[in-house]
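Visitor: To start, I am sharing the structure in question, which I have written as C-alpha coordinates.
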Amino acid sequence: MTTSNAADGDVDPAVREELTRLRDSIDNIDAAVIYMLAERFKCTQQVGRLKAEHRLPPADPAREARQIARLRALAGDARLDPAFAEKFLNFIVAEVIRHHERIADDAANGATPSANRSRSFSAGE
(Lines give C-alpha, C1' and ligand atoms only; values in the text may rest on other atoms or scores of the structure.)
Protein backbone atom coordinates (compact mmCIF):
# COMPACT_ATOMS: atom_id res chain seq x y z
CA MET A 1 0.00 0.00 0.00
CA THR A 2 1.27 3.46 -0.88
CA THR A 3 0.89 6.52 1.31
CA SER A 4 1.17 10.18 0.44
CA ASN A 5 2.81 13.00 2.36
CA ALA A 6 0.28 15.46 0.96
CA ALA A 7 -3.14 15.87 2.48
CA ASP A 8 -5.96 14.60 0.26
CA GLY A 9 -6.98 18.13 -0.66
CA ASP A 10 -3.46 19.14 -1.72
CA VAL A 11 -3.18 16.86 -4.76
CA ASP A 12 -4.48 17.95 -8.12
CA PRO A 13 -7.32 15.57 -9.13
CA ALA A 14 -5.66 14.95 -12.52
CA VAL A 15 -2.45 13.91 -10.77
CA ARG A 16 -4.37 11.65 -8.38
CA GLU A 17 -6.19 10.08 -11.34
CA GLU A 18 -2.90 9.46 -13.18
CA LEU A 19 -1.32 7.95 -10.04
CA THR A 20 -4.32 5.65 -9.64
CA ARG A 21 -4.12 4.58 -13.29
CA LEU A 22 -0.39 3.86 -13.05
CA ARG A 23 -0.73 2.02 -9.74
CA ASP A 24 -3.56 -0.09 -11.12
CA SER A 25 -1.25 -1.08 -13.98
CA ILE A 26 1.51 -1.92 -11.51
CA ASP A 27 -0.91 -4.06 -9.49
CA ASN A 28 -1.97 -5.94 -12.63
CA ILE A 29 1.65 -6.52 -13.64
CA ASP A 30 2.50 -7.76 -10.14
CA ALA A 31 -0.37 -10.25 -10.34
CA ALA A 32 0.82 -11.46 -13.74
CA VAL A 33 4.38 -11.90 -12.40
CA ILE A 34 3.10 -14.02 -9.50
CA TYR A 35 1.04 -16.25 -11.78
CA MET A 36 3.94 -16.60 -14.23
CA LEU A 37 6.26 -17.59 -11.39
CA ALA A 38 3.73 -20.18 -10.23
CA GLU A 39 3.63 -21.66 -13.74
CA ARG A 40 7.43 -21.64 -13.91
CA PHE A 41 7.67 -23.50 -10.61
CA LYS A 42 5.14 -26.08 -11.81
CA CYS A 43 7.48 -26.80 -14.73
CA THR A 44 10.58 -26.89 -12.56
CA GLN A 45 8.86 -29.31 -10.18
CA GLN A 46 8.33 -31.64 -13.14
CA VAL A 47 12.02 -31.25 -14.00
CA GLY A 48 12.88 -32.07 -10.37
CA ARG A 49 10.79 -35.23 -10.42
CA LEU A 50 12.36 -36.33 -13.70
CA LYS A 51 15.85 -35.68 -12.31
CA ALA A 52 15.04 -37.62 -9.13
CA GLU A 53 13.63 -40.57 -11.08
CA HIS A 54 16.83 -40.76 -13.13
CA ARG A 55 19.19 -39.88 -10.28
CA LEU A 56 20.41 -36.70 -11.95
CA PRO A 57 21.90 -33.91 -9.82
CA PRO A 58 19.53 -31.16 -8.65
CA ALA A 59 21.72 -28.38 -10.05
CA ASP A 60 22.88 -27.91 -13.64
CA PRO A 61 25.57 -25.19 -13.56
CA ALA A 62 26.00 -25.15 -17.35
CA ARG A 63 22.27 -24.59 -17.88
CA GLU A 64 22.23 -21.93 -15.17
CA ALA A 65 25.11 -20.07 -16.84
CA ARG A 66 23.32 -20.18 -20.21
CA GLN A 67 20.12 -18.90 -18.60
CA ILE A 68 21.94 -16.04 -16.88
CA ALA A 69 23.55 -14.97 -20.15
CA ARG A 70 20.23 -15.25 -21.99
CA LEU A 71 18.29 -13.27 -19.38
CA ARG A 72 20.99 -10.60 -19.13
CA ALA A 73 20.67 -10.11 -22.89
CA LEU A 74 16.86 -10.01 -22.67
CA ALA A 75 17.11 -7.49 -19.84
CA GLY A 76 19.36 -5.28 -21.93
CA ASP A 77 16.90 -5.45 -24.82
CA ALA A 78 14.07 -4.55 -22.43
CA ARG A 79 16.08 -1.70 -20.90
CA LEU A 80 16.12 -3.44 -17.53
CA ASP A 81 19.34 -3.52 -15.53
CA PRO A 82 21.03 -6.83 -16.48
CA ALA A 83 22.58 -7.09 -13.00
CA PHE A 84 19.10 -6.92 -11.47
CA ALA A 85 17.85 -9.60 -13.89
CA GLU A 86 20.77 -11.83 -12.91
CA LYS A 87 20.10 -11.37 -9.19
CA PHE A 88 16.44 -12.16 -9.74
CA LEU A 89 17.24 -15.31 -11.72
CA ASN A 90 19.82 -16.41 -9.13
CA PHE A 91 17.16 -16.11 -6.43
CA ILE A 92 14.73 -18.21 -8.47
CA VAL A 93 17.37 -20.81 -9.40
CA ALA A 94 18.41 -21.19 -5.75
CA GLU A 95 14.78 -21.90 -4.83
CA VAL A 96 14.41 -24.36 -7.72
CA ILE A 97 17.56 -26.23 -6.65
CA ARG A 98 16.25 -26.39 -3.08
CA HIS A 99 13.01 -27.91 -4.41
CA HIS A 100 14.94 -30.39 -6.54
CA GLU A 101 17.04 -31.43 -3.54
CA ARG A 102 13.87 -31.99 -1.51
CA ILE A 103 12.35 -34.07 -4.30
CA ALA A 104 15.56 -36.12 -4.60
CA ASP A 105 15.63 -36.67 -0.82
CA ASP A 106 11.99 -37.74 -0.86
CA ALA A 107 12.71 -40.19 -3.70
CA ALA A 108 15.77 -41.58 -1.91
CA ASN A 109 13.69 -42.12 1.23
CA GLY A 110 11.01 -44.06 -0.62
CA ALA A 111 8.51 -41.27 -1.18
CA THR A 112 7.26 -41.01 -4.73
CA PRO A 113 8.36 -37.76 -6.40
CA SER A 114 4.80 -37.20 -7.63
CA ALA A 115 3.61 -36.92 -4.02
CA ASN A 116 4.74 -33.29 -3.98
CA ARG A 117 2.74 -32.16 -7.03
CA SER A 118 0.17 -30.08 -5.17
CA ARG A 119 2.68 -28.47 -2.83
CA SER A 120 2.83 -24.68 -2.89
CA PHE A 121 6.09 -22.87 -3.44
CA SER A 122 7.50 -20.47 -0.92
CA ALA A 123 10.83 -18.70 -0.81
CA GLY A 124 10.55 -18.77 2.97
CA GLU A 125 10.14 -22.52 3.47
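As shown in the C-alpha coordinates, the chain order sets the letters A, B, ...; within each chain, residues go from 1, and ligands are also counted from 1 in the order they appear.
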Give the helix (DSSP H, G or I) residues of chain A, as DSSP finds them on the backbone, and put them as a PyMOL selection string.
Guide: chain A and resi 8-10+13-53+61-77+82-108+113-116
Visitor: Fewer than 2 positions away in the same chain doesn't count, so skip those; otherwise give me all residues within 12 Å of segment 84-93 of chain A, counting only C-alpha atoms, as a PyMOL selection string.
Guide: chain A and resi 37-38+40-41+44+58-61+63-82+95-100+121-124
Visitor: Those selected residues, please, written with N, CA and C atoms and delivered as a tab-separated table (two decimals), in the first residue's frame.
Guide:
chain	number	residue	atom	x	y	z
A	37	LEU	N	5.33	-16.86	-12.25
A	37	LEU	CA	6.26	-17.59	-11.39
A	37	LEU	C	5.67	-18.92	-10.95
A	38	ALA	N	4.38	-18.93	-10.62
A	38	ALA	CA	3.73	-20.18	-10.23
A	38	ALA	C	3.80	-21.20	-11.37
A	40	ARG	N	6.02	-21.25	-13.77
A	40	ARG	CA	7.43	-21.64	-13.91
A	40	ARG	C	7.78	-22.71	-12.89
A	41	PHE	N	7.35	-22.52	-11.65
A	41	PHE	CA	7.67	-23.50	-10.61
A	41	PHE	C	6.96	-24.83	-10.85
A	44	THR	N	9.33	-26.47	-13.19
A	44	THR	CA	10.58	-26.89	-12.56
A	44	THR	C	10.35	-28.05	-11.60
A	58	PRO	N	20.52	-32.24	-8.70
A	58	PRO	CA	19.53	-31.16	-8.65
A	58	PRO	C	19.94	-29.91	-9.41
A	59	ALA	N	21.23	-29.59	-9.39
A	59	ALA	CA	21.72	-28.38	-10.05
A	59	ALA	C	22.34	-28.73	-11.40
A	60	ASP	N	22.27	-27.78	-12.31
A	60	ASP	CA	22.88	-27.91	-13.64
A	60	ASP	C	23.61	-26.60	-13.93
A	61	PRO	N	24.85	-26.46	-13.43
A	61	PRO	CA	25.57	-25.19	-13.56
A	61	PRO	C	25.71	-24.69	-15.00
A	63	ARG	N	23.59	-25.15	-17.51
A	63	ARG	CA	22.27	-24.59	-17.88
A	63	ARG	C	22.06	-23.25	-17.19
A	64	GLU	N	22.40	-23.18	-15.92
A	64	GLU	CA	22.23	-21.93	-15.17
A	64	GLU	C	23.03	-20.80	-15.80
A	65	ALA	N	24.27	-21.09	-16.21
A	65	ALA	CA	25.11	-20.07	-16.84
A	65	ALA	C	24.51	-19.60	-18.17
A	66	ARG	N	23.97	-20.56	-18.94
A	66	ARG	CA	23.32	-20.18	-20.21
A	66	ARG	C	22.09	-19.31	-19.94
A	67	GLN	N	21.32	-19.67	-18.93
A	67	GLN	CA	20.12	-18.90	-18.60
A	67	GLN	C	20.49	-17.49	-18.14
A	68	ILE	N	21.52	-17.37	-17.34
A	68	ILE	CA	21.94	-16.04	-16.88
A	68	ILE	C	22.34	-15.19	-18.07
A	69	ALA	N	23.14	-15.73	-18.97
A	69	ALA	CA	23.55	-14.97	-20.15
A	69	ALA	C	22.34	-14.58	-21.00
A	70	ARG	N	21.43	-15.52	-21.18
A	70	ARG	CA	20.23	-15.25	-21.99
A	70	ARG	C	19.37	-14.16	-21.36
A	71	LEU	N	19.15	-14.26	-20.04
A	71	LEU	CA	18.29	-13.27	-19.38
A	71	LEU	C	18.96	-11.91	-19.25
A	72	ARG	N	20.28	-11.89	-19.12
A	72	ARG	CA	20.99	-10.60	-19.13
A	72	ARG	C	20.80	-9.91	-20.47
A	73	ALA	N	20.87	-10.69	-21.55
A	73	ALA	CA	20.67	-10.11	-22.89
A	73	ALA	C	19.23	-9.62	-23.05
A	74	LEU	N	18.26	-10.43	-22.60
A	74	LEU	CA	16.86	-10.01	-22.67
A	74	LEU	C	16.63	-8.73	-21.86
A	75	ALA	N	17.25	-8.68	-20.69
A	75	ALA	CA	17.11	-7.49	-19.84
A	75	ALA	C	17.66	-6.27	-20.56
A	76	GLY	N	18.80	-6.41	-21.19
A	76	GLY	CA	19.36	-5.28	-21.93
A	76	GLY	C	18.42	-4.83	-23.03
A	77	ASP	N	17.85	-5.78	-23.76
A	77	ASP	CA	16.90	-5.45	-24.82
A	77	ASP	C	15.66	-4.74	-24.27
A	78	ALA	N	15.26	-5.13	-23.06
A	78	ALA	CA	14.07	-4.55	-22.43
A	78	ALA	C	14.38	-3.29	-21.64
A	79	ARG	N	15.63	-2.88	-21.66
A	79	ARG	CA	16.08	-1.70	-20.90
A	79	ARG	C	15.88	-1.88	-19.40
A	80	LEU	N	16.14	-3.10	-18.95
A	80	LEU	CA	16.12	-3.44	-17.53
A	80	LEU	C	17.57	-3.72	-17.14
A	81	ASP	N	17.97	-3.32	-15.98
A	81	ASP	CA	19.34	-3.52	-15.53
A	81	ASP	C	19.68	-5.01	-15.57
A	82	PRO	N	20.66	-5.42	-16.40
A	82	PRO	CA	21.03	-6.83	-16.48
A	82	PRO	C	21.50	-7.41	-15.14
A	95	GLU	N	16.02	-21.30	-5.34
A	95	GLU	CA	14.78	-21.90	-4.83
A	95	GLU	C	14.47	-23.19	-5.59
A	96	VAL	N	14.66	-23.17	-6.90
A	96	VAL	CA	14.41	-24.36	-7.72
A	96	VAL	C	15.34	-25.50	-7.27
A	97	ILE	N	16.61	-25.20	-7.08
A	97	ILE	CA	17.56	-26.23	-6.65
A	97	ILE	C	17.15	-26.80	-5.30
A	98	ARG	N	16.71	-25.92	-4.40
A	98	ARG	CA	16.25	-26.39	-3.08
A	98	ARG	C	15.07	-27.34	-3.25
A	99	HIS	N	14.14	-27.01	-4.13
A	99	HIS	CA	13.01	-27.91	-4.41
A	99	HIS	C	13.49	-29.23	-4.99
A	100	HIS	N	14.43	-29.17	-5.93
A	100	HIS	CA	14.94	-30.39	-6.54
A	100	HIS	C	15.65	-31.27	-5.51
A	121	PHE	N	4.69	-23.25	-3.38
A	121	PHE	CA	6.09	-22.87	-3.44
A	121	PHE	C	6.28	-21.59	-2.64
A	122	SER	N	7.26	-21.62	-1.75
A	122	SER	CA	7.50	-20.47	-0.92
A	122	SER	C	8.99	-20.24	-0.76
A	123	ALA	N	9.42	-19.03	-0.98
A	123	ALA	CA	10.83	-18.70	-0.81
A	123	ALA	C	11.21	-18.77	0.66
A	124	GLY	N	10.24	-18.76	1.55
A	124	GLY	CA	10.55	-18.77	2.97
A	124	GLY	C	10.44	-20.13	3.62
Visitor: Have a look at atom CA of Asn109 of chain A and atom CA of Arg49 of chain A and let me know their distance in Å, one decimal.
Guide: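 Atom CA of Arg49 of chain A lies 13.8 Å from atom CA of Asn109 of chain A.
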Visitor: Return the single residue from A:Asp10, A:Glu101, A:Glu18, A:Asp24 that is closest to Gly48 of chain A, with distances computed using only C-alpha atoms.
Guide: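 Checking each candidate against Gly48 of chain A, we get A:Glu101 as the closest.
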Visitor: Which of these residues is nearest to Ala107 of chain A, using only C-alpha atoms: A:Arg16, A:Arg55, A:Lys42, A:Arg21?
Guide: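 Ranking A:Arg16, A:Arg55, A:Lys42, A:Arg21 by distance to Ala107 of chain A, first place goes to A:Arg55.
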